[in-house]
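Chemist: What follows is a single structure, and I will ask about it in a moment.
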Amino acid sequence: MDGRPSLFLAPSGGRLEFEMWVRKSSIRPVPTYAKISAATLRAVRDELVEGEAPGEALDAAFERFEESQPALAESLSELLERPYTEATLALAYFLSLSLWLAFERAYGRDLAPVLEQELQATSDLLELDEELHRSDATDTLESDDVISMEQPEIIRFIHEHVEATLDVHADSVELSELETVYRAVLVEALALSYAVRPPLGVAGTREVLA
């Protein structure tokens with residue numbers, strides 16, 4: 001990707017239909033069948049936060065996370081080893097597991113494991129996209145704005161919990177730490193989106209450079 005206008009082929013009704021979307025971004029589009037709903041995210045949050053034993057629910061989820069998504073689990077473990085504040089690490093733990101649980105709840109066996117090289121490629125594309133936006137003084141969008149167009153409910157969910165952490169722990173958390181966590185969960189959200197297998201009768205999303 002080089003930031004040129006792109007023509008995306010979007011699946012609909014078992015056929016490939018043309019959908020024109022002009023944007024300056026290196027981020028791959030998320031297929032329509034891989035969108036996560038607000039209802040799914042609310043259900044996951046209620047399960048983890050409002051259950052009888054929230055800590056146990058998170059730990060049990062992490063064990064399954066390690067088994068089904070080893071590359072993502074390793075990435076989260078590396079993040080949790082950083083000397084960050086307890087509030088920042090708790091946010092990273094909660095958001096990472098919540099995103100995976102939302103995809104698991106929505107897609108089950110149709111969610112493939114994210115491979116290490118796929119996770120790295122997604123991170124590289126996000127880094128390239130960030131550079132594209134920084135290099136254009138006339139560009140009013142940022143990378144998370146682009147991702148919000150792809151997965152609006154996920155971005156809303158992430159923002160809600162980052163802001164809640166800031167409201168409660170404004171005097172102790174470091175913004176640089178939150179930025180690292182924020183970027184990590186953006187990469188995870190995209191990687192999981194791309195890992196959803198297309199339903200029967202749908203050819204999948206293809207991208208063609210104009």
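In the structure tokens, the first chain shown is A, the next is B, and so on; residue numbers restart at 1 for each chain, and ligands run from 1 in the order shown.
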Which residues are close to stretch 34-39 of chain A, i.e. within 7 Å by only C-alpha atoms, leaving aside same-chain residues fewer than 6 positions away? Reply as a PyMOL selection string.

Modeler: chain A and resi 151+153-154+193+196

Chemist: Store the residues picked out above, limited to C-alpha atoms, as a PDB file, in the first residue's frame.

Modeler:
```
ATOM      1  CA  GLN A 151     -14.604  -1.471  13.682  1.00  0.00           C
ATOM      2  CA  GLU A 153     -17.899  -0.441  18.237  1.00  0.00           C
ATOM      3  CA  ILE A 154     -14.487  -1.814  19.155  1.00  0.00           C
ATOM      4  CA  SER A 193     -10.682  -9.012  12.274  1.00  0.00           C
ATOM      5  CA  VAL A 196     -12.322 -14.343  10.776  1.00  0.00           C
TER       6      VAL A 196
END
```

Chemist: Might you pull out every residue within 8 Å of A:Ala106, with only C-alpha atoms counted and same-chain residues fewer than 2 positions away left off, and present them as number ranges by chain?

Modeler: A: 36, 40, 102-104, 108

Chemist: Selection from above, N, CA and C atoms, as a short mmCIF file (atom, residue, chain, number, x, y, z; two decimals), in the first residue's frame, can you write it?

Modeler:
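The file below, part.cif, is the result:
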```
data_model
loop_
_atom_site.label_atom_id
_atom_site.label_comp_id
_atom_site.auth_asym_id
_atom_site.auth_seq_id
_atom_site.Cartn_x
_atom_site.Cartn_y
_atom_site.Cartn_z
N ILE A 36 -17.67 -6.41 14.73
CA ILE A 36 -18.12 -6.76 16.08
C ILE A 36 -19.17 -5.76 16.53
N THR A 40 -22.33 -7.54 21.50
CA THR A 40 -21.34 -8.57 21.82
C THR A 40 -20.33 -8.06 22.83
N ALA A 102 -14.81 -11.28 22.53
CA ALA A 102 -15.87 -10.77 21.65
C ALA A 102 -15.83 -11.48 20.31
N PHE A 103 -14.64 -11.64 19.74
CA PHE A 103 -14.52 -12.35 18.47
C PHE A 103 -14.88 -13.83 18.63
N GLU A 104 -14.45 -14.43 19.74
CA GLU A 104 -14.77 -15.83 19.97
C GLU A 104 -16.28 -16.02 20.10
N GLY A 108 -16.78 -17.99 16.95
CA GLY A 108 -16.50 -19.37 17.34
C GLY A 108 -15.41 -20.02 16.50
#
```

Chemist: Go through A:Leu101, A:Leu115, A:Leu200, A:Ile158 and flag the residue nearest A:Asp46, using only C-alpha atoms for the distances.

Modeler: A:Leu101

Chemist: Work out how far atom CA of A:Ala112 is from atom CA of A:Glu67, in Å to one decimal.

Modeler: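 Going from atom CA of A:Glu67 over to atom CA of A:Ala112, I get 12.2 Å.
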
Chemist: Show me, as a PDB file with all heavy atoms, in the first residue's frame, the residues that have an atom within 10 Å of A:Leu89 when counting only C-alpha atoms, minus same-chain residues fewer than 2 positions from it.

Modeler:
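Just written: around.pdb:
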```pdb
ATOM      1  N   LEU A  76       0.624 -10.276  24.632  1.00  0.00           N
ATOM      2  CA  LEU A  76       0.061  -9.703  25.858  1.00  0.00           C
ATOM      3  C   LEU A  76       0.986  -9.959  27.043  1.00  0.00           C
ATOM      4  O   LEU A  76       1.210  -9.059  27.872  1.00  0.00           O
ATOM      5  CB  LEU A  76      -1.324 -10.294  26.125  1.00  0.00           C
ATOM      6  CG  LEU A  76      -1.982  -9.894  27.449  1.00  0.00           C
ATOM      7  CD1 LEU A  76      -2.135  -8.380  27.557  1.00  0.00           C
ATOM      8  CD2 LEU A  76      -3.335 -10.583  27.611  1.00  0.00           C
ATOM      9  N   LEU A  79       3.747  -7.551  27.082  1.00  0.00           N
ATOM     10  CA  LEU A  79       3.282  -6.233  27.500  1.00  0.00           C
ATOM     11  C   LEU A  79       3.118  -6.177  29.020  1.00  0.00           C
ATOM     12  O   LEU A  79       3.483  -5.179  29.663  1.00  0.00           O
ATOM     13  CB  LEU A  79       1.954  -5.914  26.810  1.00  0.00           C
ATOM     14  CG  LEU A  79       1.335  -4.537  27.070  1.00  0.00           C
ATOM     15  CD1 LEU A  79       2.287  -3.417  26.644  1.00  0.00           C
ATOM     16  CD2 LEU A  79       0.007  -4.407  26.335  1.00  0.00           C
ATOM     17  N   LEU A  80       2.607  -7.253  29.602  1.00  0.00           N
ATOM     18  CA  LEU A  80       2.367  -7.283  31.042  1.00  0.00           C
ATOM     19  C   LEU A  80       3.655  -7.355  31.852  1.00  0.00           C
ATOM     20  O   LEU A  80       3.644  -7.108  33.063  1.00  0.00           O
ATOM     21  CB  LEU A  80       1.472  -8.474  31.401  1.00  0.00           C
ATOM     22  CG  LEU A  80       0.040  -8.430  30.843  1.00  0.00           C
ATOM     23  CD1 LEU A  80      -0.705  -9.704  31.201  1.00  0.00           C
ATOM     24  CD2 LEU A  80      -0.707  -7.206  31.353  1.00  0.00           C
ATOM     25  N   GLU A  81       4.765  -7.696  31.204  1.00  0.00           N
ATOM     26  CA  GLU A  81       6.051  -7.746  31.896  1.00  0.00           C
ATOM     27  C   GLU A  81       6.707  -6.371  32.011  1.00  0.00           C
ATOM     28  O   GLU A  81       7.713  -6.213  32.705  1.00  0.00           O
ATOM     29  CB  GLU A  81       6.995  -8.702  31.157  1.00  0.00           C
ATOM     30  CG  GLU A  81       6.590 -10.171  31.282  1.00  0.00           C
ATOM     31  CD  GLU A  81       7.461 -11.076  30.437  1.00  0.00           C
ATOM     32  OE1 GLU A  81       8.348 -10.539  29.719  1.00  0.00           O
ATOM     33  OE2 GLU A  81       7.266 -12.301  30.479  1.00  0.00           O
ATOM     34  N   ARG A  82       6.140  -5.378  31.354  1.00  0.00           N
ATOM     35  CA  ARG A  82       6.722  -4.037  31.409  1.00  0.00           C
ATOM     36  C   ARG A  82       6.478  -3.411  32.785  1.00  0.00           C
ATOM     37  O   ARG A  82       5.478  -3.714  33.444  1.00  0.00           O
ATOM     38  CB  ARG A  82       6.115  -3.153  30.321  1.00  0.00           C
ATOM     39  CG  ARG A  82       6.383  -3.672  28.912  1.00  0.00           C
ATOM     40  CD  ARG A  82       6.069  -2.624  27.874  1.00  0.00           C
ATOM     41  NE  ARG A  82       6.319  -3.109  26.526  1.00  0.00           N
ATOM     42  CZ  ARG A  82       6.486  -2.331  25.465  1.00  0.00           C
ATOM     43  NH1 ARG A  82       6.417  -1.013  25.598  1.00  0.00           N
ATOM     44  NH2 ARG A  82       6.715  -2.851  24.273  1.00  0.00           N
ATOM     45  N   PRO A  83       7.379  -2.533  33.214  1.00  0.00           N
ATOM     46  CA  PRO A  83       7.249  -1.919  34.547  1.00  0.00           C
ATOM     47  C   PRO A  83       6.239  -0.771  34.561  1.00  0.00           C
ATOM     48  O   PRO A  83       6.562   0.368  34.923  1.00  0.00           O
ATOM     49  CB  PRO A  83       8.674  -1.421  34.821  1.00  0.00           C
ATOM     50  CG  PRO A  83       9.210  -1.087  33.466  1.00  0.00           C
ATOM     51  CD  PRO A  83       8.634  -2.135  32.538  1.00  0.00           C
ATOM     52  N   TYR A  84       5.021  -1.081  34.175  1.00  0.00           N
ATOM     53  CA  TYR A  84       3.964  -0.078  34.118  1.00  0.00           C
ATOM     54  C   TYR A  84       3.189  -0.065  35.433  1.00  0.00           C
ATOM     55  O   TYR A  84       3.307  -0.970  36.259  1.00  0.00           O
ATOM     56  CB  TYR A  84       3.008  -0.368  32.960  1.00  0.00           C
ATOM     57  CG  TYR A  84       3.576  -0.107  31.584  1.00  0.00           C
ATOM     58  CD1 TYR A  84       2.879  -0.497  30.441  1.00  0.00           C
ATOM     59  CD2 TYR A  84       4.801   0.527  31.408  1.00  0.00           C
ATOM     60  CE1 TYR A  84       3.382  -0.262  29.170  1.00  0.00           C
ATOM     61  CE2 TYR A  84       5.313   0.763  30.141  1.00  0.00           C
ATOM     62  CZ  TYR A  84       4.601   0.365  29.024  1.00  0.00           C
ATOM     63  OH  TYR A  84       5.100   0.606  27.774  1.00  0.00           O
ATOM     64  N   THR A  85       2.366   0.956  35.605  1.00  0.00           N
ATOM     65  CA  THR A  85       1.531   1.022  36.796  1.00  0.00           C
ATOM     66  C   THR A  85       0.510  -0.111  36.770  1.00  0.00           C
ATOM     67  O   THR A  85       0.158  -0.646  35.713  1.00  0.00           O
ATOM     68  CB  THR A  85       0.781   2.360  36.868  1.00  0.00           C
ATOM     69  OG1 THR A  85      -0.095   2.463  35.734  1.00  0.00           O
ATOM     70  CG2 THR A  85       1.747   3.532  36.874  1.00  0.00           C
ATOM     71  N   GLU A  86       0.032  -0.460  37.947  1.00  0.00           N
ATOM     72  CA  GLU A  86      -0.930  -1.552  38.061  1.00  0.00           C
ATOM     73  C   GLU A  86      -2.196  -1.263  37.254  1.00  0.00           C
ATOM     74  O   GLU A  86      -2.765  -2.158  36.622  1.00  0.00           O
ATOM     75  CB  GLU A  86      -1.287  -1.770  39.529  1.00  0.00           C
ATOM     76  CG  GLU A  86      -2.222  -2.935  39.772  1.00  0.00           C
ATOM     77  CD  GLU A  86      -2.487  -3.167  41.240  1.00  0.00           C
ATOM     78  OE1 GLU A  86      -1.737  -2.629  42.073  1.00  0.00           O
ATOM     79  OE2 GLU A  86      -3.455  -3.889  41.557  1.00  0.00           O
ATOM     80  N   ALA A  87      -2.625  -0.005  37.255  1.00  0.00           N
ATOM     81  CA  ALA A  87      -3.843   0.364  36.522  1.00  0.00           C
ATOM     82  C   ALA A  87      -3.657   0.172  35.020  1.00  0.00           C
ATOM     83  O   ALA A  87      -4.565  -0.305  34.324  1.00  0.00           O
ATOM     84  CB  ALA A  87      -4.218   1.811  36.829  1.00  0.00           C
ATOM     85  N   LEU A  91      -5.628  -2.568  32.666  1.00  0.00           N
ATOM     86  CA  LEU A  91      -6.350  -2.147  31.462  1.00  0.00           C
ATOM     87  C   LEU A  91      -5.928  -2.994  30.266  1.00  0.00           C
ATOM     88  O   LEU A  91      -6.781  -3.450  29.488  1.00  0.00           O
ATOM     89  CB  LEU A  91      -6.075  -0.671  31.185  1.00  0.00           C
ATOM     90  CG  LEU A  91      -6.702  -0.102  29.906  1.00  0.00           C
ATOM     91  CD1 LEU A  91      -8.222  -0.054  30.029  1.00  0.00           C
ATOM     92  CD2 LEU A  91      -6.140   1.290  29.611  1.00  0.00           C
ATOM     93  N   ALA A  92      -4.625  -3.202  30.107  1.00  0.00           N
ATOM     94  CA  ALA A  92      -4.123  -4.008  28.991  1.00  0.00           C
ATOM     95  C   ALA A  92      -4.679  -5.428  29.058  1.00  0.00           C
ATOM     96  O   ALA A  92      -5.116  -5.992  28.040  1.00  0.00           O
ATOM     97  CB  ALA A  92      -2.595  -4.038  29.018  1.00  0.00           C
ATOM     98  N   TYR A  93      -4.665  -6.005  30.232  1.00  0.00           N
ATOM     99  CA  TYR A  93      -5.163  -7.371  30.448  1.00  0.00           C
ATOM    100  C   TYR A  93      -6.642  -7.459  30.091  1.00  0.00           C
ATOM    101  O   TYR A  93      -7.071  -8.346  29.339  1.00  0.00           O
ATOM    102  CB  TYR A  93      -4.935  -7.732  31.914  1.00  0.00           C
ATOM    103  CG  TYR A  93      -5.076  -9.191  32.271  1.00  0.00           C
ATOM    104  CD1 TYR A  93      -4.374 -10.174  31.579  1.00  0.00           C
ATOM    105  CD2 TYR A  93      -5.877  -9.586  33.342  1.00  0.00           C
ATOM    106  CE1 TYR A  93      -4.483 -11.516  31.936  1.00  0.00           C
ATOM    107  CE2 TYR A  93      -5.987 -10.919  33.707  1.00  0.00           C
ATOM    108  CZ  TYR A  93      -5.289 -11.876  33.003  1.00  0.00           C
ATOM    109  OH  TYR A  93      -5.400 -13.206  33.357  1.00  0.00           O
ATOM    110  N   PHE A  94      -7.418  -6.519  30.611  1.00  0.00           N
ATOM    111  CA  PHE A  94      -8.863  -6.532  30.387  1.00  0.00           C
ATOM    112  C   PHE A  94      -9.207  -6.309  28.915  1.00  0.00           C
ATOM    113  O   PHE A  94     -10.020  -7.048  28.337  1.00  0.00           O
ATOM    114  CB  PHE A  94      -9.529  -5.460  31.247  1.00  0.00           C
ATOM    115  CG  PHE A  94     -10.984  -5.268  30.947  1.00  0.00           C
ATOM    116  CD1 PHE A  94     -11.931  -6.157  31.426  1.00  0.00           C
ATOM    117  CD2 PHE A  94     -11.409  -4.205  30.160  1.00  0.00           C
ATOM    118  CE1 PHE A  94     -13.281  -5.999  31.130  1.00  0.00           C
ATOM    119  CE2 PHE A  94     -12.753  -4.037  29.863  1.00  0.00           C
ATOM    120  CZ  PHE A  94     -13.688  -4.933  30.347  1.00  0.00           C
ATOM    121  N   LEU A  95      -8.610  -5.300  28.288  1.00  0.00           N
ATOM    122  CA  LEU A  95      -8.955  -4.989  26.903  1.00  0.00           C
ATOM    123  C   LEU A  95      -8.546  -6.110  25.951  1.00  0.00           C
ATOM    124  O   LEU A  95      -9.309  -6.487  25.059  1.00  0.00           O
ATOM    125  CB  LEU A  95      -8.302  -3.675  26.476  1.00  0.00           C
ATOM    126  CG  LEU A  95      -8.921  -2.392  27.025  1.00  0.00           C
ATOM    127  CD1 LEU A  95      -8.129  -1.175  26.555  1.00  0.00           C
ATOM    128  CD2 LEU A  95     -10.385  -2.263  26.607  1.00  0.00           C
ATOM    129  N   GLU A 177       2.476   5.159  28.711  1.00  0.00           N
ATOM    130  CA  GLU A 177       2.114   3.762  28.943  1.00  0.00           C
ATOM    131  C   GLU A 177       0.759   3.450  28.314  1.00  0.00           C
ATOM    132  O   GLU A 177       0.578   2.410  27.660  1.00  0.00           O
ATOM    133  CB  GLU A 177       2.064   3.473  30.441  1.00  0.00           C
ATOM    134  CG  GLU A 177       3.401   3.614  31.150  1.00  0.00           C
ATOM    135  CD  GLU A 177       3.294   3.350  32.639  1.00  0.00           C
ATOM    136  OE1 GLU A 177       2.176   3.022  33.106  1.00  0.00           O
ATOM    137  OE2 GLU A 177       4.303   3.465  33.344  1.00  0.00           O
ATOM    138  N   LEU A 178      -0.197   4.350  28.504  1.00  0.00           N
ATOM    139  CA  LEU A 178      -1.524   4.144  27.930  1.00  0.00           C
ATOM    140  C   LEU A 178      -1.466   4.129  26.404  1.00  0.00           C
ATOM    141  O   LEU A 178      -2.193   3.373  25.756  1.00  0.00           O
ATOM    142  CB  LEU A 178      -2.481   5.232  28.406  1.00  0.00           C
ATOM    143  CG  LEU A 178      -2.914   5.179  29.870  1.00  0.00           C
ATOM    144  CD1 LEU A 178      -3.862   6.323  30.179  1.00  0.00           C
ATOM    145  CD2 LEU A 178      -3.578   3.843  30.198  1.00  0.00           C
ATOM    146  N   VAL A 181      -0.329   0.681  25.323  1.00  0.00           N
ATOM    147  CA  VAL A 181      -1.427  -0.278  25.455  1.00  0.00           C
ATOM    148  C   VAL A 181      -2.463  -0.051  24.361  1.00  0.00           C
ATOM    149  O   VAL A 181      -2.953  -1.003  23.739  1.00  0.00           O
ATOM    150  CB  VAL A 181      -2.078  -0.160  26.850  1.00  0.00           C
ATOM    151  CG1 VAL A 181      -3.382  -0.958  26.916  1.00  0.00           C
ATOM    152  CG2 VAL A 181      -1.113  -0.628  27.920  1.00  0.00           C
TER     153      VAL A 181
END
```

Chemist: Please give the complete set of residues from stretch 128-165 of chain A that DSSP, run on the backbone, assigns to helix (DSSP H, G or I), formatted as a ChimeraX atom specification.

Modeler: /A:128-134,143-150,152-165

Chemist: Would you output that residue set with C-alpha atoms, as a CSV table (one decimal), in the first residue's frame?

Modeler:
```
chain,number,residue,atom,x,y,z
A,128,LEU,CA,3.2,2.7,8.1
A,129,ASP,CA,-0.2,4.2,8.3
A,130,GLU,CA,0.8,6.4,11.2
A,131,GLU,CA,3.8,7.6,9.2
A,132,LEU,CA,1.5,8.4,6.2
A,133,HIS,CA,-0.7,10.6,8.3
A,134,ARG,CA,2.2,12.3,10.0
A,143,SER,CA,-4.9,5.9,12.2
A,144,ASP,CA,-7.4,5.2,14.9
A,145,ASP,CA,-9.9,7.2,13.0
A,146,VAL,CA,-9.4,4.8,10.0
A,147,ILE,CA,-9.8,1.8,12.3
A,148,SER,CA,-12.9,3.4,13.8
A,149,MET,CA,-14.4,3.3,10.3
A,150,GLU,CA,-13.6,-0.4,10.1
A,152,PRO,CA,-16.5,1.4,15.2
A,153,GLU,CA,-17.9,-0.4,18.2
A,154,ILE,CA,-14.5,-1.8,19.2
A,155,ILE,CA,-12.9,1.6,19.1
A,156,ARG,CA,-15.8,3.0,21.1
A,157,PHE,CA,-15.3,0.2,23.7
A,158,ILE,CA,-11.6,0.8,23.9
A,159,HIS,CA,-12.0,4.6,24.3
A,160,GLU,CA,-14.6,4.1,27.0
A,161,HIS,CA,-12.2,2.0,29.2
A,162,VAL,CA,-9.1,4.1,28.5
A,163,GLU,CA,-11.1,7.2,29.6
A,164,ALA,CA,-12.4,5.4,32.7
A,165,THR,CA,-8.8,4.5,33.7
```

Chemist: Could you check the closest approach to A:Gln120 for each of A:Val49, A:Ser75, A:Ala170, A:Leu175 and tell me which residue wins, using only C-alpha atoms?

Modeler: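 Closest to A:Gln120, using only C-alpha atoms: A:Ser75.
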